[in-house]
>>> print(open('upload.tsv').read())   # TSV, N, CA and C atoms
chain	number	residue	atom	x	y	z
T	9	MET	N	104.08	115.71	76.05
T	9	MET	CA	104.48	114.62	76.91
T	9	MET	C	105.90	114.21	76.53
T	10	GLY	N	106.68	113.87	77.49
T	10	GLY	CA	108.02	113.38	77.25
T	10	GLY	C	108.14	111.96	77.76
T	11	LYS	N	109.32	111.43	77.58
T	11	LYS	CA	109.55	110.09	78.09
T	11	LYS	C	109.72	110.15	79.60
T	12	LYS	N	109.24	109.11	80.27
T	12	LYS	CA	109.39	109.05	81.72
T	12	LYS	C	110.76	108.50	82.06
T	13	LYS	N	111.37	109.06	83.09
T	13	LYS	CA	112.67	108.59	83.52
T	13	LYS	C	112.52	107.29	84.29
T	14	VAL	N	113.26	106.27	83.89
T	14	VAL	CA	113.23	104.98	84.55
T	14	VAL	C	114.39	104.90	85.52
T	15	ILE	N	114.11	104.54	86.75
T	15	ILE	CA	115.15	104.44	87.78
T	15	ILE	C	115.76	103.06	87.74
T	16	SER	N	117.08	103.00	87.66
T	16	SER	CA	117.76	101.70	87.66
T	16	SER	C	118.00	101.25	89.09
T	17	GLU	N	118.46	100.01	89.24
T	17	GLU	CA	118.70	99.43	90.57
T	17	GLU	C	119.73	100.23	91.36
T	18	GLU	N	120.75	100.77	90.70
T	18	GLU	CA	121.80	101.51	91.38
T	18	GLU	C	121.30	102.86	91.90
T	19	GLU	N	120.27	103.42	91.28
T	19	GLU	CA	119.77	104.74	91.66
T	19	GLU	C	118.74	104.69	92.77
T	20	MET	N	118.39	103.50	93.26
T	20	MET	CA	117.39	103.35	94.31
T	20	MET	C	118.05	103.52	95.67
T	21	ASP	N	118.57	104.70	95.96
T	21	ASP	CA	119.31	104.89	97.19
T	21	ASP	C	118.45	105.40	98.34
T	22	GLU	N	117.25	105.92	98.06
T	22	GLU	CA	116.42	106.41	99.15
T	22	GLU	C	115.76	105.24	99.87
T	23	LEU	N	115.62	105.37	101.17
T	23	LEU	CA	115.02	104.33	101.99
T	23	LEU	C	113.64	104.79	102.42
T	24	VAL	N	112.60	104.15	101.89
T	24	VAL	CA	111.22	104.50	102.21
T	24	VAL	C	110.80	103.67	103.42
T	25	LEU	N	110.43	104.34	104.50
T	25	LEU	CA	110.01	103.66	105.72
T	25	LEU	C	108.49	103.56	105.79
T	26	PRO	N	107.97	102.53	106.46
T	26	PRO	CA	106.51	102.42	106.58
T	26	PRO	C	105.93	103.56	107.40
T	27	SER	N	104.80	104.08	106.95
T	27	SER	CA	104.12	105.15	107.68
T	27	SER	C	102.62	104.90	107.62
T	28	GLY	N	101.90	105.41	108.57
T	28	GLY	CA	100.45	105.22	108.59
T	28	GLY	C	100.10	103.77	108.81
T	29	ASN	N	99.30	103.21	107.91
T	29	ASN	CA	98.93	101.80	108.04
T	29	ASN	C	99.73	100.91	107.10
T	30	ASP	N	100.81	101.42	106.51
T	30	ASP	CA	101.67	100.61	105.64
T	30	ASP	C	102.38	99.55	106.45
T	31	VAL	N	102.65	98.40	105.81
T	31	VAL	CA	103.27	97.28	106.50
T	31	VAL	C	104.30	96.63	105.58
T	32	LEU	N	105.37	96.12	106.17
T	32	LEU	CA	106.39	95.43	105.40
T	32	LEU	C	105.97	93.98	105.17
T	33	GLY	N	106.44	93.40	104.07
T	33	GLY	CA	106.12	92.01	103.78
T	33	GLY	C	107.15	91.41	102.85
T	34	ILE	N	107.04	90.09	102.66
T	34	ILE	CA	107.94	89.35	101.77
T	34	ILE	C	107.11	88.71	100.68
T	35	ALA	N	107.52	88.87	99.42
T	35	ALA	CA	106.83	88.27	98.29
T	35	ALA	C	107.00	86.75	98.33
T	36	MET	N	105.88	86.02	98.43
T	36	MET	CA	105.92	84.57	98.55
T	36	MET	C	105.67	83.86	97.23
T	37	LYS	N	104.78	84.40	96.40
T	37	LYS	CA	104.42	83.72	95.16
T	37	LYS	C	103.95	84.74	94.13
T	38	LEU	N	104.39	84.60	92.90
T	38	LEU	CA	103.94	85.46	91.81
T	38	LEU	C	102.70	84.82	91.20
T	39	LEU	N	101.60	85.58	91.16
T	39	LEU	CA	100.32	85.03	90.72
T	39	LEU	C	99.98	85.37	89.27
T	40	GLY	N	100.82	86.10	88.60
T	40	GLY	CA	100.56	86.46	87.21
T	40	GLY	C	100.10	87.89	87.07
T	41	TYR	N	100.38	88.45	85.91
T	41	TYR	CA	100.10	89.84	85.56
T	41	TYR	C	100.71	90.77	86.59
T	42	ASP	N	99.94	91.40	87.44
T	42	ASP	CA	100.50	92.33	88.42
T	42	ASP	C	100.10	91.95	89.84
T	43	ARG	N	99.89	90.66	90.09
T	43	ARG	CA	99.47	90.20	91.41
T	43	ARG	C	100.58	89.37	92.07
T	44	VAL	N	100.75	89.57	93.37
T	44	VAL	CA	101.77	88.87	94.14
T	44	VAL	C	101.16	88.48	95.49
T	45	LEU	N	101.43	87.26	95.94
T	45	LEU	CA	101.03	86.85	97.28
T	45	LEU	C	102.14	87.27	98.24
T	46	VAL	N	101.78	88.08	99.24
T	46	VAL	CA	102.76	88.66	100.15
T	46	VAL	C	102.43	88.23	101.58
T	47	LYS	N	103.45	87.75	102.31
T	47	LYS	CA	103.31	87.46	103.73
T	47	LYS	C	103.71	88.72	104.48
T	48	CYS	N	102.74	89.33	105.14
T	48	CYS	CA	102.97	90.63	105.77
T	48	CYS	C	103.39	90.47	107.23
T	49	GLN	N	104.01	91.50	107.74
T	49	GLN	CA	104.55	91.49	109.09
T	49	GLN	C	103.47	91.46	110.16
T	50	ASP	N	102.26	91.89	109.83
T	50	ASP	CA	101.18	91.89	110.81
T	50	ASP	C	100.46	90.53	110.89
T	51	GLY	N	100.98	89.51	110.19
T	51	GLY	CA	100.45	88.17	110.29
T	51	GLY	C	99.51	87.75	109.18
T	52	TYR	N	99.10	88.65	108.31
T	52	TYR	CA	98.18	88.33	107.23
T	52	TYR	C	98.95	87.97	105.96
T	53	GLU	N	98.35	87.12	105.13
T	53	GLU	CA	98.84	86.89	103.77
T	53	GLU	C	97.89	87.61	102.84
T	54	ARG	N	98.41	88.54	102.06
T	54	ARG	CA	97.58	89.37	101.20
T	54	ARG	C	97.91	89.13	99.73
T	55	ILE	N	96.89	89.20	98.89
T	55	ILE	CA	97.09	89.24	97.45
T	55	ILE	C	97.25	90.71	97.11
T	56	CYS	N	98.44	91.07	96.66
T	56	CYS	CA	98.76	92.48	96.44
T	56	CYS	C	98.91	92.78	94.96
T	57	ARG	N	98.53	93.98	94.61
T	57	ARG	CA	98.63	94.47	93.25
T	57	ARG	C	99.85	95.38	93.16
T	58	ILE	N	100.64	95.23	92.09
T	58	ILE	CA	101.80	96.10	91.88
T	58	ILE	C	101.31	97.37	91.21
T	59	ARG	N	101.58	98.50	91.81
T	59	ARG	CA	101.19	99.79	91.22
T	59	ARG	C	101.79	99.96	89.84
T	60	GLY	N	101.11	100.67	88.97
T	60	GLY	CA	101.56	100.87	87.60
T	60	GLY	C	102.91	101.55	87.50
T	61	LYS	N	103.13	102.58	88.30
T	61	LYS	CA	104.41	103.30	88.27
T	61	LYS	C	105.54	102.37	88.70
T	62	LEU	N	105.28	101.54	89.70
T	62	LEU	CA	106.29	100.61	90.19
T	62	LEU	C	106.52	99.47	89.21
T	63	LYS	N	105.46	99.04	88.54
T	63	LYS	CA	105.54	97.93	87.59
T	63	LYS	C	106.48	98.26	86.43
T	64	ARG	N	106.52	99.51	86.03
T	64	ARG	CA	107.37	99.91	84.92
T	64	ARG	C	108.82	100.16	85.33
T	65	ARG	N	109.10	100.26	86.63
T	65	ARG	CA	110.44	100.60	87.07
T	65	ARG	C	111.34	99.40	87.30
T	66	PHE	N	110.86	98.40	88.05
T	66	PHE	CA	111.72	97.26	88.35
T	66	PHE	C	110.89	96.02	88.64
T	67	TRP	N	111.53	94.87	88.59
T	67	TRP	CA	110.89	93.58	88.76
T	67	TRP	C	110.77	93.24	90.24
T	68	ILE	N	109.74	92.48	90.57
T	68	ILE	CA	109.59	91.93	91.90
T	68	ILE	C	109.72	90.42	91.79
T	69	ARG	N	110.60	89.85	92.62
T	69	ARG	CA	110.86	88.42	92.59
T	69	ARG	C	110.46	87.80	93.93
T	70	ILE	N	110.39	86.48	93.96
T	70	ILE	CA	110.07	85.77	95.19
T	70	ILE	C	111.18	86.03	96.21
T	71	GLY	N	110.80	86.36	97.43
T	71	GLY	CA	111.76	86.63	98.49
T	71	GLY	C	112.11	88.09	98.66
T	72	ASP	N	111.64	88.95	97.77
T	72	ASP	CA	111.91	90.39	97.90
T	72	ASP	C	111.11	90.99	99.05
T	73	VAL	N	111.70	91.94	99.73
T	73	VAL	CA	111.02	92.68	100.79
T	73	VAL	C	110.31	93.86	100.14
T	74	VAL	N	109.01	93.98	100.42
T	74	VAL	CA	108.19	95.02	99.79
T	74	VAL	C	107.42	95.78	100.87
T	75	LEU	N	106.98	96.97	100.50
T	75	LEU	CA	106.14	97.80	101.36
T	75	LEU	C	104.72	97.72	100.83
T	76	VAL	N	103.79	97.30	101.69
T	76	VAL	CA	102.40	97.06	101.28
T	76	VAL	C	101.49	98.08	101.94
T	77	SER	N	100.57	98.61	101.16
T	77	SER	CA	99.53	99.48	101.69
T	77	SER	C	98.21	98.71	101.62
T	78	PRO	N	97.70	98.21	102.77
T	78	PRO	CA	96.45	97.45	102.74
T	78	PRO	C	95.28	98.32	102.29
T	79	TRP	N	94.33	97.69	101.60
T	79	TRP	CA	93.13	98.41	101.17
T	79	TRP	C	92.27	98.73	102.38
T	80	ASP	N	91.44	99.78	102.26
T	80	ASP	CA	90.55	100.15	103.36
T	80	ASP	C	89.50	99.06	103.58
T	81	PHE	N	88.94	98.52	102.51
T	81	PHE	CA	88.04	97.38	102.62
T	81	PHE	C	88.86	96.14	102.27
T	82	GLN	N	88.49	94.99	102.69
T	82	GLN	CA	89.25	93.75	102.51
T	82	GLN	C	90.67	93.92	103.08
T	83	TYR	N	90.76	94.53	104.25
T	83	TYR	CA	92.03	94.88	104.88
T	83	TYR	C	92.94	93.67	105.06
T	84	GLU	N	92.35	92.50	105.41
T	84	GLU	CA	93.16	91.33	105.71
T	84	GLU	C	93.58	90.53	104.49
T	85	THR	N	92.96	90.78	103.33
T	85	THR	CA	93.23	89.93	102.16
T	85	THR	C	93.83	90.66	100.97
T	86	ARG	N	93.71	91.97	100.88
T	86	ARG	CA	94.16	92.70	99.68
T	86	ARG	C	95.03	93.90	100.05
T	87	GLY	N	95.89	94.29	99.09
T	87	GLY	CA	96.73	95.47	99.30
T	87	GLY	C	97.43	95.87	98.02
T	88	ASP	N	98.14	96.97	98.09
T	88	ASP	CA	98.94	97.48	96.97
T	88	ASP	C	100.41	97.48	97.38
T	89	ILE	N	101.27	97.03	96.47
T	89	ILE	CA	102.71	97.12	96.70
T	89	ILE	C	103.15	98.51	96.25
T	90	ILE	N	103.74	99.26	97.18
T	90	ILE	CA	104.12	100.63	96.83
T	90	ILE	C	105.63	100.83	96.78
T	91	TRP	N	106.43	99.84	97.22
T	91	TRP	CA	107.88	99.97	97.14
T	91	TRP	C	108.53	98.61	97.26
T	92	ARG	N	109.66	98.40	96.61
T	92	ARG	CA	110.46	97.19	96.75
T	92	ARG	C	111.84	97.60	97.23
T	93	TYR	N	112.34	96.90	98.24
T	93	TYR	CA	113.64	97.21	98.82
T	93	TYR	C	114.73	96.34	98.19
T	94	THR	N	115.93	96.90	98.06
T	94	THR	CA	117.07	96.11	97.60
T	94	THR	C	117.55	95.24	98.76
T	95	LYS	N	118.47	94.32	98.48
T	95	LYS	CA	118.97	93.42	99.53
T	95	LYS	C	119.66	94.22	100.64
T	96	GLY	N	120.44	95.22	100.28
T	96	GLY	CA	121.12	96.04	101.28
T	96	GLY	C	120.14	96.84	102.13
T	97	GLN	N	119.09	97.37	101.51
T	97	GLN	CA	118.09	98.11	102.25
T	97	GLN	C	117.32	97.19	103.19
T	98	ALA	N	117.05	95.95	102.75
T	98	ALA	CA	116.34	94.98	103.60
T	98	ALA	C	117.18	94.64	104.83
T	99	GLU	N	118.48	94.47	104.65
T	99	GLU	CA	119.35	94.20	105.80
T	99	GLU	C	119.39	95.38	106.75
T	100	HIS	N	119.39	96.59	106.21
T	100	HIS	CA	119.37	97.80	107.03
T	100	HIS	C	118.06	97.87	107.83
T	101	LEU	N	116.93	97.51	107.21
T	101	LEU	CA	115.65	97.49	107.92
T	101	LEU	C	115.65	96.47	109.05
T	102	ARG	N	116.31	95.32	108.82
T	102	ARG	CA	116.40	94.31	109.88
T	102	ARG	C	117.22	94.82	111.06
T	103	LYS	N	118.33	95.51	110.76
T	103	LYS	CA	119.17	96.04	111.82
T	103	LYS	C	118.46	97.13	112.62
T	104	MET	N	117.63	97.92	111.93
T	104	MET	CA	116.89	98.98	112.60
T	104	MET	C	115.68	98.45	113.37
T	105	GLY	N	115.29	97.19	113.15
T	105	GLY	CA	114.19	96.58	113.88
T	105	GLY	C	112.84	96.71	113.22
T	106	PHE	N	112.78	97.23	111.98
T	106	PHE	CA	111.50	97.36	111.28
T	106	PHE	C	111.02	96.01	110.74
T	107	LEU	N	111.94	95.15	110.30
T	107	LEU	CA	111.59	93.89	109.65
T	107	LEU	C	111.96	92.74	110.57
T	108	THR	N	110.96	91.96	110.96
T	108	THR	CA	111.21	90.86	111.88
T	108	THR	C	110.86	89.50	111.31
T	109	ILE	N	110.21	89.43	110.14
T	109	ILE	CA	109.83	88.14	109.56
T	109	ILE	C	110.91	87.66	108.62
T	110	GLU	N	110.96	86.37	108.40
T	110	GLU	CA	111.93	85.76	107.48
T	110	GLU	C	111.25	85.35	106.20
>>> encode(input="upload.tsv", output="structure tokens")
Amino acid sequence: MGKKKVISEEEMDELVLPSGNDVLGIAMKLLGYDRVLVKCQDGYERICRIRGKLKRRFWIRIGDVVLVSPWDFQYETRGDIIWRYTKGQAEHLRKMGFLTIE
């Protein structure tokens, strides 16, 4: 086993778009450990879990735009955060029409 490469903020140049049942959202409140309350674009507020790989790479703060994958069960209340967008990427998503919530 070797050390895992950690991606810094400057190296996050790829833009991950929502696909399938993924939905964009904004982090509203940090609930502790790896849980975040997210207001999603489809109108639901979900308690989302930060994936382990994502948790080790970068911080999620209030107001960040994130990509949420809702769970198959408890679809309206739970989900996983699978990506966090930088401020520039969030503005690009707004211009492209993917992100409509404030």
>>> atom_distance(input="upload.tsv", atom1="atom CA of T:Gly51", atom2="atom CA of T:Gly28")
17.1 Å
>>> select_by_dssp(input="upload.tsv", residues="chain T", states="helix (DSSP H, G or I)", output="JSON, numbers by chain")
{"T": [17, 18, 19, 60, 61, 62, 63, 95, 96, 97, 98, 99, 100, 101, 102, 103, 104]}
>>> residues_around(input="upload.tsv", residues="T:Tyr93", least_positions_apart="6", cutoff="9 Å", atoms="only C-alpha atoms", output="PDB file with N, CA and C atoms, keeping the file's coordinate frame")
ATOM      1  N   MET T  20     118.390 103.500  93.260  1.00  0.00           N
ATOM      2  CA  MET T  20     117.390 103.350  94.310  1.00  0.00           C
ATOM      3  C   MET T  20     118.050 103.520  95.670  1.00  0.00           C
ATOM      4  N   LEU T  23     115.620 105.370 101.170  1.00  0.00           N
ATOM      5  CA  LEU T  23     115.020 104.330 101.990  1.00  0.00           C
ATOM      6  C   LEU T  23     113.640 104.790 102.420  1.00  0.00           C
ATOM      7  N   VAL T  24     112.600 104.150 101.890  1.00  0.00           N
ATOM      8  CA  VAL T  24     111.220 104.500 102.210  1.00  0.00           C
ATOM      9  C   VAL T  24     110.800 103.670 103.420  1.00  0.00           C
ATOM     10  N   ASP T  72     111.640  88.950  97.770  1.00  0.00           N
ATOM     11  CA  ASP T  72     111.910  90.390  97.900  1.00  0.00           C
ATOM     12  C   ASP T  72     111.110  90.990  99.050  1.00  0.00           C
ATOM     13  N   VAL T  73     111.700  91.940  99.730  1.00  0.00           N
ATOM     14  CA  VAL T  73     111.020  92.680 100.790  1.00  0.00           C
ATOM     15  C   VAL T  73     110.310  93.860 100.140  1.00  0.00           C
ATOM     16  N   VAL T  74     109.010  93.980 100.420  1.00  0.00           N
ATOM     17  CA  VAL T  74     108.190  95.020  99.790  1.00  0.00           C
ATOM     18  C   VAL T  74     107.420  95.780 100.870  1.00  0.00           C
ATOM     19  N   LEU T  75     106.980  96.970 100.500  1.00  0.00           N
ATOM     20  CA  LEU T  75     106.140  97.800 101.360  1.00  0.00           C
ATOM     21  C   LEU T  75     104.720  97.720 100.830  1.00  0.00           C
TER      22      LEU T  75
END
>>> closest_residue(input="upload.tsv", among="T:Arg92, T:Arg69, T:Lys63, T:Arg54", to="T:Leu38", atoms="all atoms listed in the file")
T:Arg69
>>> closest_residue(input="upload.tsv", among="T:Pro26, T:Pro78, T:Gly87, T:Gly40", to="T:Phe106", atoms="only N, CA and C atoms")
T:Pro26
>>> axis_aligned_box(input="upload.tsv", around="stretch 97-106 of chain T", padding_each_side="4 Å", output="AutoDock Vina command-line options")
--center_x 115.2 --center_y 96.6 --center_z 107.7 --size_x 16.4 --size_y 12.8 --size_z 20.4
>>> closest_atom_pairs(input="upload.tsv", of="stretch 71-108 of chain T", to="stretch 56-62 of chain T", cutoff="7 Å", atoms="only N, CA and C atoms", output="Markdown table")
| residue | atom | partner | partner_atom | distance |
| --- | --- | --- | --- | --- |
| T:Thr85 | C | T:Cys56 | N | 6.3 |
| T:Arg86 | C | T:Cys56 | CA | 5.4 |
| T:Gly87 | C | T:Cys56 | CA | 4.0 |
| T:Asp88 | CA | T:Arg57 | N | 4.2 |
| T:Ile89 | N | T:Arg57 | C | 4.0 |
| T:Ile90 | N | T:Arg59 | N | 5.8 |
>>> closest_residue(input="upload.tsv", among="T:Arg65, T:Ile55, T:Phe81, T:Asp30", to="T:Asp42", atoms="all atoms listed in the file")
T:Ile55
>>> atom_distance(input="upload.tsv", atom1="atom N of T:Thr94", atom2="atom CA of T:Gln82")
27.2 Å
